[in-house]
>>> print(open('input_15.txt').read())   # compact mmCIF, C-alpha atoms
# COMPACT_ATOMS: atom_id res chain seq x y z
CA MET H 27 73.17 -102.87 -105.77
CA THR H 28 74.29 -103.64 -102.26
CA ARG H 29 76.69 -106.40 -101.41
CA PRO H 30 75.20 -109.66 -100.15
CA LEU H 31 75.02 -110.23 -96.42
CA ILE H 32 77.04 -113.21 -95.21
CA ASN H 33 76.91 -114.54 -91.68
CA VAL H 34 79.70 -117.02 -90.93
CA PRO H 35 81.04 -117.43 -87.39
CA ALA H 36 84.51 -115.86 -87.21
CA ARG H 37 85.83 -118.69 -85.00
CA ALA H 38 84.84 -122.32 -84.50
CA LYS H 39 86.20 -125.48 -82.92
CA ARG H 40 87.40 -128.24 -85.24
CA GLY H 41 84.55 -130.61 -85.99
CA GLN H 42 81.89 -128.14 -84.83
CA VAL H 43 78.71 -127.82 -86.89
CA ILE H 44 78.38 -124.20 -87.97
CA GLU H 45 75.42 -122.35 -89.47
CA ILE H 46 75.96 -120.18 -92.54
CA LYS H 47 73.42 -117.54 -93.57
CA THR H 48 73.35 -115.52 -96.77
CA LEU H 49 71.01 -112.83 -98.03
CA ILE H 50 71.22 -111.17 -101.43
CA SER H 51 69.29 -108.38 -103.09
CA HIS H 52 67.53 -109.59 -106.24
CA VAL H 53 64.08 -108.99 -107.80
CA MET H 54 63.60 -112.65 -108.83
CA GLU H 55 61.16 -111.66 -111.57
CA THR H 56 59.34 -114.87 -112.45
CA GLY H 57 58.77 -114.33 -116.18
CA PHE H 58 55.07 -115.06 -115.71
CA ARG H 59 53.88 -111.61 -114.63
CA HIS H 60 52.57 -108.81 -116.79
CA SER H 61 53.18 -105.11 -116.32
CA SER H 62 50.33 -102.64 -115.75
CA ILE H 63 50.10 -102.13 -119.51
CA GLY H 64 49.95 -105.85 -120.27
CA VAL H 65 53.52 -106.47 -121.40
CA LEU H 66 55.08 -109.73 -120.21
CA LEU H 67 57.93 -108.99 -117.81
CA PRO H 68 60.94 -111.06 -118.91
CA ARG H 69 62.33 -113.60 -116.49
CA ASP H 70 65.17 -112.30 -114.34
CA ILE H 71 66.17 -114.73 -111.62
CA ILE H 72 69.21 -116.17 -109.91
CA THR H 73 69.62 -119.69 -111.25
CA GLU H 74 72.47 -121.07 -109.19
CA PHE H 75 74.14 -120.66 -105.83
CA VAL H 76 77.42 -122.36 -104.94
CA CYS H 77 79.46 -122.27 -101.74
CA THR H 78 83.02 -123.54 -101.58
CA TYR H 79 85.09 -123.99 -98.41
CA GLY H 80 88.84 -124.06 -98.89
CA GLY H 81 88.27 -124.62 -102.62
CA GLU H 82 85.97 -127.60 -102.09
CA GLU H 83 82.30 -127.33 -102.97
CA ILE H 84 80.15 -127.87 -99.87
CA PHE H 85 76.75 -126.55 -100.92
CA ARG H 86 74.92 -125.95 -104.19
CA ALA H 87 71.36 -124.87 -104.98
CA ASP H 88 69.43 -124.48 -108.21
CA PHE H 89 66.91 -121.65 -108.20
CA TYR H 90 63.58 -121.51 -110.02
CA PRO H 91 60.96 -118.77 -110.56
CA ALA H 92 59.03 -119.67 -107.40
CA ILE H 93 61.91 -118.55 -105.16
CA SER H 94 61.09 -115.24 -103.44
CA ALA H 95 62.79 -111.93 -104.11
CA ASN H 96 65.92 -111.24 -102.04
CA PRO H 97 66.63 -114.95 -101.43
CA PHE H 98 67.83 -115.96 -97.98
CA ILE H 99 69.80 -119.21 -97.87
CA THR H 100 70.90 -120.91 -94.69
CA PHE H 101 72.76 -124.19 -94.37
CA HIS H 102 75.16 -126.02 -92.07
CA THR H 103 78.62 -127.44 -92.50
CA VAL H 104 81.37 -128.90 -90.33
CA ALA H 105 84.26 -126.60 -89.49
CA THR H 106 87.27 -128.57 -90.72
CA GLN H 107 90.04 -126.02 -91.31
CA SER H 108 90.81 -122.33 -91.19
CA GLY H 109 90.22 -120.79 -94.58
CA THR H 110 87.98 -118.93 -96.93
CA LEU H 111 84.39 -119.60 -97.86
CA THR H 112 83.43 -118.36 -101.30
CA PHE H 113 79.81 -117.73 -102.24
CA THR H 114 78.75 -117.34 -105.86
CA TRP H 115 75.33 -116.42 -107.19
CA THR H 116 74.78 -116.61 -110.95
CA GLY H 117 71.64 -115.86 -112.90
CA ASP H 118 69.84 -114.38 -115.89
CA ASN H 119 71.19 -111.37 -117.80
CA GLY H 120 74.76 -112.17 -116.85
CA PHE H 121 74.10 -111.78 -113.13
CA SER H 122 77.13 -112.90 -111.15
CA VAL H 123 78.10 -111.96 -107.62
CA THR H 124 80.92 -113.44 -105.58
CA GLU H 125 81.54 -112.79 -101.91
CA GLN H 126 84.02 -114.25 -99.45
CA ALA H 127 84.17 -114.83 -95.72
CA SER H 128 86.96 -116.27 -93.64
CA ILE H 129 86.83 -118.58 -90.64
CA THR H 130 89.43 -119.50 -88.03
CA VAL H 131 89.25 -123.09 -86.82
CA GLU H 132 91.02 -123.98 -83.60
CA MET T 15 45.05 -107.21 -105.45
CA THR T 16 42.65 -110.14 -105.56
CA SER T 17 43.61 -111.24 -102.08
CA ALA T 18 43.00 -107.74 -100.73
CA VAL T 19 39.52 -107.71 -102.21
CA LEU T 20 38.79 -111.20 -100.86
CA ARG T 21 39.99 -110.24 -97.45
CA PHE T 22 37.87 -107.20 -97.23
CA GLY T 23 34.94 -109.26 -98.39
CA CYS T 24 35.54 -111.17 -95.19
CA VAL T 25 35.53 -107.97 -93.15
CA VAL T 26 32.00 -107.29 -94.23
CA THR T 27 30.88 -110.77 -93.20
CA MET T 28 32.68 -110.59 -89.90
CA LEU T 29 31.37 -107.18 -88.96
CA GLY T 30 27.93 -108.12 -90.17
CA ILE T 31 27.75 -110.95 -87.64
CA GLY T 32 29.34 -109.04 -84.81
CA THR T 33 27.06 -106.00 -85.28
CA LEU T 34 28.77 -102.67 -85.52
CA ALA T 35 30.09 -101.61 -82.15
CA CYS T 36 31.04 -97.98 -81.52
CA ALA T 37 34.69 -97.16 -82.06
CA ALA T 38 36.43 -97.23 -78.70
CA GLU T 39 40.00 -96.11 -78.30
CA ILE T 40 42.44 -98.79 -77.16
CA PRO T 41 43.46 -98.12 -73.53
CA GLN T 42 47.16 -97.26 -73.11
CA SER T 43 47.81 -100.45 -71.14
CA GLU T 44 46.43 -102.68 -73.91
CA ARG T 45 48.35 -101.17 -76.81
CA ARG T 46 50.57 -103.66 -78.57
CA SER T 47 52.99 -103.21 -81.42
CA GLY T 48 52.39 -105.28 -84.55
CA TYR T 49 55.63 -107.06 -83.71
CA GLU T 50 54.03 -108.77 -80.74
CA MET T 51 51.34 -110.33 -82.93
CA MET T 52 53.74 -111.94 -85.39
CA SER T 53 54.76 -115.58 -85.57
CA PRO T 54 58.03 -116.57 -83.83
CA GLU T 55 59.56 -117.22 -87.27
CA THR T 56 58.84 -113.71 -88.56
CA LYS T 57 60.07 -112.19 -85.29
CA ALA T 58 63.32 -114.14 -85.61
CA MET T 59 63.72 -112.91 -89.18
CA GLN T 60 63.29 -109.30 -88.08
CA ASP T 61 65.60 -109.54 -85.07
CA ASP T 62 68.56 -111.03 -86.92
CA ASP T 63 70.15 -108.30 -89.03
CA THR T 64 71.64 -110.86 -91.40
CA ALA T 65 68.21 -112.45 -91.98
CA ASN T 66 66.15 -109.24 -92.12
CA PRO T 67 66.00 -108.27 -95.81
CA ALA T 68 65.54 -104.61 -94.87
CA THR T 69 69.22 -104.62 -93.88
CA LEU T 70 70.04 -104.58 -97.60
CA TRP T 71 68.30 -101.20 -97.85
CA VAL T 72 69.88 -99.92 -94.63
CA LEU T 73 73.35 -100.64 -96.05
CA GLU T 74 72.43 -98.99 -99.33
CA GLY T 75 71.11 -96.01 -97.36
CA GLU T 76 74.42 -95.75 -95.56
CA THR T 77 76.21 -95.56 -98.91
CA ILE T 78 73.86 -92.82 -100.14
CA TRP T 79 74.26 -90.97 -96.83
CA ASN T 80 78.00 -90.72 -97.41
CA THR T 81 77.91 -90.09 -101.17
CA LYS T 82 77.95 -86.57 -102.50
CA ALA T 83 74.73 -85.75 -104.38
CA ALA T 84 74.69 -83.97 -107.75
CA GLY T 85 74.83 -80.60 -105.95
CA GLY T 86 78.16 -81.56 -104.35
CA LYS T 87 77.00 -82.24 -100.79
CA SER T 88 76.32 -85.50 -99.01
CA CYS T 89 73.95 -86.01 -96.07
CA ALA T 90 77.02 -86.65 -93.92
CA ASP T 91 78.54 -83.26 -94.83
CA CYS T 92 75.86 -81.55 -92.69
CA HIS T 93 74.65 -84.28 -90.35
CA GLY T 94 77.91 -86.16 -89.78
CA GLU T 95 77.78 -89.60 -88.27
CA ALA T 96 74.15 -90.76 -88.41
CA THR T 97 74.39 -92.98 -85.34
CA ALA T 98 74.42 -89.85 -83.19
CA SER T 99 72.72 -87.22 -85.34
CA MET T 100 69.76 -89.34 -86.48
CA LYS T 101 69.13 -91.05 -83.15
CA GLY T 102 65.43 -90.88 -82.33
CA VAL T 103 64.57 -88.71 -85.34
CA ALA T 104 62.25 -91.20 -87.04
CA ALA T 105 60.42 -91.71 -83.73
CA ARG T 106 59.13 -88.14 -83.80
CA TYR T 107 58.04 -87.84 -87.43
CA PRO T 108 55.76 -86.57 -88.99
CA ALA T 109 56.97 -83.25 -87.59
CA PHE T 110 56.00 -79.63 -88.10
CA ASP T 111 58.08 -77.74 -90.66
CA ALA T 112 58.16 -74.09 -89.63
CA THR T 113 59.29 -72.70 -92.99
CA ARG T 114 56.54 -74.47 -94.90
CA ASN T 115 54.08 -74.06 -92.04
CA GLN T 116 52.80 -77.61 -92.43
CA PRO T 117 53.44 -81.11 -91.09
CA ILE T 118 55.85 -83.25 -93.12
CA ASP T 119 56.78 -86.90 -92.88
CA LEU T 120 60.27 -88.39 -92.91
CA GLU T 121 60.30 -88.99 -96.67
CA GLN T 122 59.34 -85.37 -97.29
CA ARG T 123 62.00 -84.21 -94.82
CA ILE T 124 64.65 -86.13 -96.76
CA ASN T 125 63.46 -84.68 -100.05
CA ILE T 126 63.31 -81.12 -98.67
CA CYS T 127 66.91 -81.59 -97.54
CA ARG T 128 67.81 -82.80 -101.00
CA SER T 129 66.26 -79.88 -102.85
CA ASP T 130 67.07 -77.08 -100.36
CA ARG T 131 70.46 -78.11 -99.01
CA GLN T 132 71.95 -80.56 -101.49
CA ASN T 133 70.75 -78.93 -104.72
CA ALA T 134 69.71 -82.38 -105.88
CA THR T 135 66.48 -83.61 -107.41
CA PRO T 136 63.98 -85.00 -104.91
CA LEU T 137 63.66 -88.78 -104.95
CA PRO T 138 60.33 -90.25 -106.08
CA TYR T 139 58.15 -91.88 -103.43
CA GLU T 140 58.79 -95.62 -103.03
CA SER T 141 61.98 -95.38 -105.08
CA ARG T 142 64.75 -97.66 -103.90
CA GLU T 143 66.98 -94.70 -102.94
CA LEU T 144 64.35 -92.93 -100.84
CA LEU T 145 63.37 -96.17 -99.08
CA ALA T 146 67.04 -96.91 -98.45
CA LEU T 147 67.67 -93.48 -96.88
CA THR T 148 64.47 -93.68 -94.81
CA ALA T 149 65.37 -97.19 -93.61
CA PHE T 150 68.89 -96.04 -92.73
CA VAL T 151 67.55 -93.09 -90.71
CA ALA T 152 64.73 -95.12 -89.11
CA ARG T 153 67.19 -97.82 -88.04
CA ARG T 154 68.80 -95.20 -85.79
CA SER T 155 65.57 -95.01 -83.75
CA ARG T 156 65.17 -98.70 -83.06
CA GLY T 157 64.19 -99.28 -79.44
CA MET T 158 63.25 -95.65 -78.82
CA PRO T 159 59.74 -94.57 -77.78
CA ILE T 160 57.50 -92.88 -80.32
CA GLU T 161 56.93 -89.22 -79.51
CA GLN T 162 54.32 -86.91 -80.96
CA SER T 163 53.99 -84.00 -78.57
CA ASP T 164 54.52 -80.84 -80.65
CA PRO T 165 51.41 -78.66 -80.08
CA ARG T 166 51.70 -77.38 -83.67
CA MET T 167 50.89 -80.93 -84.81
CA GLN T 168 47.51 -80.94 -83.07
CA PRO T 169 45.43 -79.79 -86.08
CA ALA T 170 47.00 -82.52 -88.26
CA ILE T 171 46.44 -85.14 -85.57
CA ALA T 172 42.81 -84.05 -85.29
CA SER T 173 42.20 -84.34 -89.03
CA GLY T 174 44.06 -87.67 -89.05
CA ARG T 175 41.73 -88.88 -86.33
CA ALA T 176 38.71 -87.83 -88.39
CA LEU T 177 40.05 -89.86 -91.31
CA PHE T 178 40.74 -92.84 -89.06
CA GLU T 179 37.30 -92.84 -87.49
CA GLY T 180 35.25 -91.85 -90.53
CA ARG T 181 33.65 -94.47 -92.74
CA GLN T 182 34.85 -94.50 -96.32
CA GLY T 183 34.73 -96.41 -99.58
CA GLN T 184 32.20 -98.76 -101.09
CA LEU T 185 32.55 -101.01 -98.06
CA ASN T 186 31.64 -98.03 -95.86
CA LEU T 187 34.15 -98.99 -93.20
CA SER T 188 36.45 -96.93 -91.01
CA CYS T 189 40.00 -97.80 -90.00
CA ALA T 190 38.83 -97.83 -86.38
CA GLN T 191 36.30 -100.60 -86.98
CA CYS T 192 39.13 -103.03 -87.65
CA HIS T 193 42.03 -101.61 -85.69
CA ASP T 194 40.24 -100.28 -82.57
CA ASP T 195 37.23 -102.57 -82.30
CA ASN T 196 38.40 -105.88 -83.73
CA TRP T 197 42.16 -106.06 -83.27
CA GLY T 198 43.47 -109.47 -82.33
CA LYS T 199 40.72 -111.24 -84.28
CA GLN T 200 41.31 -113.01 -87.55
CA LEU T 201 40.78 -111.43 -90.94
CA ALA T 202 40.96 -114.36 -93.31
CA GLY T 203 44.20 -116.05 -92.17
CA SER T 204 45.85 -113.05 -90.55
CA VAL T 205 45.56 -111.37 -87.18
CA ILE T 206 44.23 -107.81 -87.29
CA PRO T 207 46.90 -105.63 -85.69
CA GLN T 208 46.29 -102.40 -83.81
CA ALA T 209 47.89 -100.41 -86.64
CA HIS T 210 50.76 -98.84 -84.73
CA PRO T 211 53.40 -97.61 -87.20
CA THR T 212 56.41 -98.67 -85.14
CA GLY T 213 58.45 -100.29 -87.87
CA TYR T 214 58.31 -98.23 -91.07
CA PRO T 215 59.64 -98.54 -93.65
CA ILE T 216 58.75 -102.24 -93.46
CA TYR T 217 59.88 -105.25 -95.45
CA ARG T 218 56.50 -106.78 -96.16
CA LEU T 219 56.72 -110.43 -97.13
CA GLU T 220 53.63 -110.05 -99.31
CA TRP T 221 55.32 -107.22 -101.24
CA GLN T 222 58.72 -108.94 -101.31
CA ASN T 223 59.98 -105.41 -101.02
CA LEU T 224 60.46 -102.52 -98.67
CA GLY T 225 57.59 -100.02 -98.47
CA SER T 226 56.68 -96.84 -96.64
CA LEU T 227 53.80 -96.18 -94.26
CA GLN T 228 52.16 -94.21 -97.07
CA ARG T 229 52.17 -97.32 -99.26
CA ARG T 230 50.70 -99.40 -96.44
CA LEU T 231 47.94 -96.85 -95.85
CA ARG T 232 47.07 -96.86 -99.53
CA ASN T 233 46.79 -100.66 -99.31
CA CYS T 234 44.21 -100.40 -96.54
CA VAL T 235 42.27 -97.58 -98.22
CA PHE T 236 42.23 -99.52 -101.49
CA GLY T 237 40.91 -102.51 -99.57
CA LEU T 238 38.01 -100.40 -98.35
CA ARG T 239 37.34 -99.67 -102.03
CA ALA T 240 37.84 -96.00 -101.32
CA GLU T 241 39.80 -93.60 -103.49
CA THR T 242 43.43 -93.48 -102.37
CA TYR T 243 45.18 -90.19 -101.75
CA PRO T 244 48.25 -89.47 -103.85
CA LEU T 245 51.60 -90.31 -102.21
CA GLY T 246 52.62 -87.38 -100.03
CA ALA T 247 49.13 -85.88 -99.80
CA PRO T 248 48.48 -83.76 -96.68
CA GLU T 249 45.64 -86.14 -95.73
CA THR T 250 48.01 -89.12 -95.62
CA VAL T 251 50.56 -87.14 -93.61
CA ALA T 252 47.78 -86.22 -91.17
CA LEU T 253 46.80 -89.88 -90.86
CA GLU T 254 50.45 -90.79 -90.27
CA ALA T 255 50.66 -88.11 -87.57
CA PHE T 256 47.51 -89.40 -85.86
CA LEU T 257 48.79 -93.00 -85.95
CA MET T 258 52.12 -91.94 -84.43
CA TRP T 259 50.30 -89.95 -81.73
CA ARG T 260 48.10 -92.97 -81.07
CA ALA T 261 51.24 -95.13 -80.79
CA ARG T 262 53.09 -92.66 -78.55
CA GLY T 263 55.34 -94.41 -76.07
CA LEU T 264 55.55 -97.67 -78.03
CA LEU T 265 59.05 -98.65 -79.04
CA MET T 266 60.28 -98.30 -82.62
CA ASP T 267 61.38 -101.53 -84.31
CA ALA T 268 62.20 -100.12 -87.77
CA PRO T 269 62.96 -101.42 -90.30
CA ALA T 270 60.54 -104.18 -89.44
CA VAL T 271 59.48 -107.36 -91.21
CA ARG T 272 55.73 -107.82 -91.48
CA PRO T 273 53.68 -110.58 -93.10
>>> encode(input="input_15.txt", output="C-alpha cells")
Amino acid sequence: MTRPLINVPARAKRGQVIEIKTLISHVMETGFRHSSIGVLLPRDIITEFVCTYGGEEIFRADFYPAISANPFITFHTVATQSGTLTFTWTGDNGFSVTEQASITVE
Amino acid sequence: MTSAVLRFGCVVTMLGIGTLACAAEIPQSERRSGYEMMSPETKAMQDDDTANPATLWVLEGETIWNTKAAGGKSCADCHGEATASMKGVAARYPAFDATRNQPIDLEQRINICRSDRQNATPLPYESRELLALTAFVARRSRGMPIEQSDPRMQPAIASGRALFEGRQGQLNLSCAQCHDDNWGKQLAGSVIPQAHPTGYPIYRLEWQNLGSLQRRLRNCVFGLRAETYPLGAPETVALEAFLMWRARGLLMDAPAVRP
C-alpha cells in the first residue's frame, strides 16, 4: 500500500489560516455488498481520522460505510507555531496508518 | 450495472426522437477532450496532484518501476529515469510490435517487457500493479499531443473504425451514434463526451478505482447489450488504436479523473 498524500504548506505566517489536504488509499468496503458468487463482503473501512498539531488535537472525523473509497479529507486550521502535524487513520482489521508533516511559522 | 442499463434505455428514447442521423466525423476544430466537459470541481480534483486519487497509483507505480522483479531486473535497470525515458510514450500507444507483427497497447507492452526482459510473470489486466505501472508511465506524457502516425497501424485503425461505426448489441447502436452524432447532449444526467482517450488509465468516480481504457470500452459495449471482448483482445486494441488516431493532436491529461 502506498503512503498517504499530505498537503500542508511548508511555511506560513503566524495567525494565517492554512488549508490541509489528505488522501489515503483504502477500499472502504461497506459490508453491505455481495460478491459475484453471492457471499457477503465483510466490512472493511477506516473508522477514525485524527490530526494533531504540536501534540494538540485540531481535527477529528468518524467514518461510516457511506464514505467513498480512497477518502480525501480537507480542513483548515490557524498556523500558530512551527512544529509537526501528525495524521492518524484507524479502521477495521487493525488498519492503522500514521503520517507526519512539518510546518515553519514565521 | 443497473444504472448502465437505465442510461442506455434513455439512449434509445433520445435517438428515437431525434431520428437516426448518419454518422459524421467530428471536424478537427471541434474536437474536445473529455476534460473540457467536466464540472469545475472534477477538473480541480484532477489538476491538484494531492487531490487526484490516481496519484496514489502513480506513486505505487514508481515503487514498482524501481523494484527488482522476480527475474532480478527492475524497469529502471533498462529504462533508467522514467521522466526522460517514458516521456511521450503513452501518447503514441497502441503501437506496432515488430517481433509479434501486431499492434499492442501499453498494458501489453508492459507485460511483454515483464515476460521477455524481466523473466517475471505478466500482471493480470486491471490488477493494481499493472494499473500502477501504466499510470506511472502515462503520467510522463501529460500535456503531450496524441500521435498515431505509424503506417503499420493503418489496418488496426481501419478495423477499429469499423467497430466504432458498426451497430452492435441488442440496442443495435454504434459508438458513433453517441460520440460522433450526439456529443455534448445529455444522457440521463451526464454529458456525452466525444470519447477521446486522453486520460487513461482514469480514476473514475463511479468505479471508485483506477481503470484502463479496455475496462471503459467494455463498460460501453456492455451498455449496448453486446457481447464484450475479453481484456486484451485484438478487437479492443484495434478500437483503442482508432480512438487514439481519432484523438490525434489532443493533449494527454493522464491519469485523469472522470465522473
>>> interface_residues(input="input_15.txt", of="chain T", to="chain H", cutoff="12 Å", atoms="all atoms listed in the file", output="PyMOL selection string")
chain T and resi 59+62-78+142-143+146+217-224
>>> residues_around(input="input_15.txt", residues="Ala127 (chain H)", least_positions_apart="2", cutoff="7 Å", atoms="only C-alpha atoms", output="PyMOL selection string")
chain H and resi 34+110-112+129
>>> residues_near_point(input="input_15.txt", point="(61.1, -98.9, -88.4)", cutoff="10 Å", atoms="all atoms listed in the file", output="NGL selection string")
:T and (68 or 104-105 or 148-157 or 211-217 or 226-227 or 265-271)
>>> closest_residue(input="input_15.txt", among="T:Lys199, T:Arg272, T:Arg175, T:Arg230", to="Glu249 (chain T)", atoms="all atoms listed in the file")
T:Arg175
>>> residues_around(input="input_15.txt", residues="Phe113 (chain H)", least_positions_apart="6", cutoff="9 Å", atoms="all atoms listed in the file", output="list in words")
Ile32, Thr48, Phe75, Val76, Cys77, Thr78, Val123, Thr124, Glu125, Gln126 and Ala127 of chain H
>>> write_last_selection(input="input_15.txt", atoms="C-alpha atoms", output="mmCIF file, keeping the file's coordinate frame")
data_model
loop_
_atom_site.group_PDB
_atom_site.id
_atom_site.type_symbol
_atom_site.label_atom_id
_atom_site.label_comp_id
_atom_site.auth_asym_id
_atom_site.auth_seq_id
_atom_site.Cartn_x
_atom_site.Cartn_y
_atom_site.Cartn_z
ATOM 1 C CA ILE H 32 77.040 -113.210 -95.210
ATOM 2 C CA THR H 48 73.350 -115.520 -96.770
ATOM 3 C CA PHE H 75 74.140 -120.660 -105.830
ATOM 4 C CA VAL H 76 77.420 -122.360 -104.940
ATOM 5 C CA CYS H 77 79.460 -122.270 -101.740
ATOM 6 C CA THR H 78 83.020 -123.540 -101.580
ATOM 7 C CA VAL H 123 78.100 -111.960 -107.620
ATOM 8 C CA THR H 124 80.920 -113.440 -105.580
ATOM 9 C CA GLU H 125 81.540 -112.790 -101.910
ATOM 10 C CA GLN H 126 84.020 -114.250 -99.450
ATOM 11 C CA ALA H 127 84.170 -114.830 -95.720
#
>>> residues_around(input="input_15.txt", residues="region 259-264 of chain T", least_positions_apart="3", cutoff="6 Å", atoms="all atoms listed in the file", output="number ranges by chain")
T: 159-162, 210, 256
>>> residues_around(input="input_15.txt", residues="Gln208 (chain T)", least_positions_apart="4", cutoff="9 Å", atoms="only C-alpha atoms", output="list in words")
Ile40, Arg45, Arg46, Ser47, Gly48, Cys192, His193, Asp194, Asn196, Trp197 and Gly198 of chain T
>>> atom_distance(input="input_15.txt", atom1="CA of Phe58 (chain H)", atom2="CA of Gly203 (chain T)")
25.9 Å
>>> residues_around(input="input_15.txt", residues="region 63-72 of chain H", least_positions_apart="6", cutoff="6 Å", atoms="all atoms listed in the file", output="PDB file with C-alpha atoms, in the frame of the given file")
ATOM      1  CA  MET H  54      63.600-112.650-108.830  1.00  0.00           C
ATOM      2  CA  GLU H  55      61.160-111.660-111.570  1.00  0.00           C
ATOM      3  CA  THR H  56      59.340-114.870-112.450  1.00  0.00           C
ATOM      4  CA  GLY H  57      58.770-114.330-116.180  1.00  0.00           C
ATOM      5  CA  THR H 116      74.780-116.610-110.950  1.00  0.00           C
ATOM      6  CA  GLY H 117      71.640-115.860-112.900  1.00  0.00           C
ATOM      7  CA  ASP H 118      69.840-114.380-115.890  1.00  0.00           C
TER       8      ASP H 118
END
>>> atom_distance(input="input_15.txt", atom1="CA of Leu120 (chain T)", atom2="CA of Met52 (chain T)")
25.6 Å
>>> closest_residue(input="input_15.txt", among="H:His60, H:Thr114, H:Ala36, H:Glu45", to="Glu83 (chain H)", atoms="all atoms listed in the file")
H:Thr114
>>> build_atoms(input="input_15.txt", residues="region 178-184 of chain T", atoms="all heavy atoms", output="mmCIF file, in the coordinates of the input")
data_model
loop_
_atom_site.group_PDB
_atom_site.id
_atom_site.type_symbol
_atom_site.label_atom_id
_atom_site.label_comp_id
_atom_site.auth_asym_id
_atom_site.auth_seq_id
_atom_site.Cartn_x
_atom_site.Cartn_y
_atom_site.Cartn_z
ATOM 1 N N PHE T 178 40.635 -91.511 -89.641
ATOM 2 C CA PHE T 178 40.740 -92.840 -89.060
ATOM 3 C C PHE T 178 39.367 -93.346 -88.595
ATOM 4 O O PHE T 178 39.048 -94.523 -88.704
ATOM 5 C CB PHE T 178 41.707 -92.797 -87.872
ATOM 6 C CG PHE T 178 42.051 -94.138 -87.282
ATOM 7 C CD1 PHE T 178 43.025 -94.936 -87.858
ATOM 8 C CD2 PHE T 178 41.414 -94.588 -86.135
ATOM 9 C CE1 PHE T 178 43.360 -96.160 -87.313
ATOM 10 C CE2 PHE T 178 41.745 -95.824 -85.577
ATOM 11 C CZ PHE T 178 42.717 -96.607 -86.169
ATOM 12 N N GLU T 179 38.573 -92.419 -88.083
ATOM 13 C CA GLU T 179 37.300 -92.840 -87.490
ATOM 14 C C GLU T 179 36.128 -92.729 -88.458
ATOM 15 O O GLU T 179 35.052 -93.258 -88.190
ATOM 16 C CB GLU T 179 37.023 -92.027 -86.224
ATOM 17 C CG GLU T 179 37.998 -92.419 -85.109
ATOM 18 C CD GLU T 179 37.851 -91.586 -83.850
ATOM 19 O OE1 GLU T 179 37.109 -90.574 -83.893
ATOM 20 O OE2 GLU T 179 38.489 -91.937 -82.842
ATOM 21 N N GLY T 180 36.349 -92.030 -89.588
ATOM 22 C CA GLY T 180 35.250 -91.850 -90.530
ATOM 23 C C GLY T 180 35.119 -93.028 -91.472
ATOM 24 O O GLY T 180 36.115 -93.597 -91.916
ATOM 25 N N ARG T 181 33.880 -93.387 -91.789
ATOM 26 C CA ARG T 181 33.650 -94.470 -92.740
ATOM 27 C C ARG T 181 33.992 -93.998 -94.135
ATOM 28 O O ARG T 181 33.763 -92.834 -94.479
ATOM 29 C CB ARG T 181 32.189 -94.894 -92.720
ATOM 30 C CG ARG T 181 31.792 -95.650 -91.472
ATOM 31 C CD ARG T 181 30.283 -95.649 -91.368
ATOM 32 N NE ARG T 181 29.837 -96.431 -90.236
ATOM 33 C CZ ARG T 181 29.487 -97.714 -90.317
ATOM 34 N NH1 ARG T 181 29.531 -98.340 -91.472
ATOM 35 N NH2 ARG T 181 29.086 -98.356 -89.247
ATOM 36 N N GLN T 182 34.526 -94.887 -94.957
ATOM 37 C CA GLN T 182 34.850 -94.500 -96.320
ATOM 38 C C GLN T 182 34.774 -95.690 -97.270
ATOM 39 O O GLN T 182 34.759 -96.838 -96.844
ATOM 40 C CB GLN T 182 36.234 -93.850 -96.384
ATOM 41 C CG GLN T 182 37.344 -94.679 -95.753
ATOM 42 C CD GLN T 182 38.699 -93.995 -95.853
ATOM 43 O OE1 GLN T 182 39.019 -93.392 -96.856
ATOM 44 N NE2 GLN T 182 39.501 -94.099 -94.813
ATOM 45 N N GLY T 183 34.683 -95.378 -98.544
ATOM 46 C CA GLY T 183 34.730 -96.410 -99.580
ATOM 47 C C GLY T 183 33.413 -97.131 -99.772
ATOM 48 O O GLY T 183 32.455 -96.938 -99.032
ATOM 49 N N GLN T 184 33.409 -97.992 -100.793
ATOM 50 C CA GLN T 184 32.200 -98.760 -101.090
ATOM 51 C C GLN T 184 31.839 -99.702 -99.946
ATOM 52 O O GLN T 184 30.692 -100.065 -99.774
ATOM 53 C CB GLN T 184 32.417 -99.575 -102.369
ATOM 54 C CG GLN T 184 32.410 -98.734 -103.617
ATOM 55 C CD GLN T 184 32.631 -99.590 -104.849
ATOM 56 O OE1 GLN T 184 33.448 -100.500 -104.855
ATOM 57 N NE2 GLN T 184 31.883 -99.289 -105.898
#
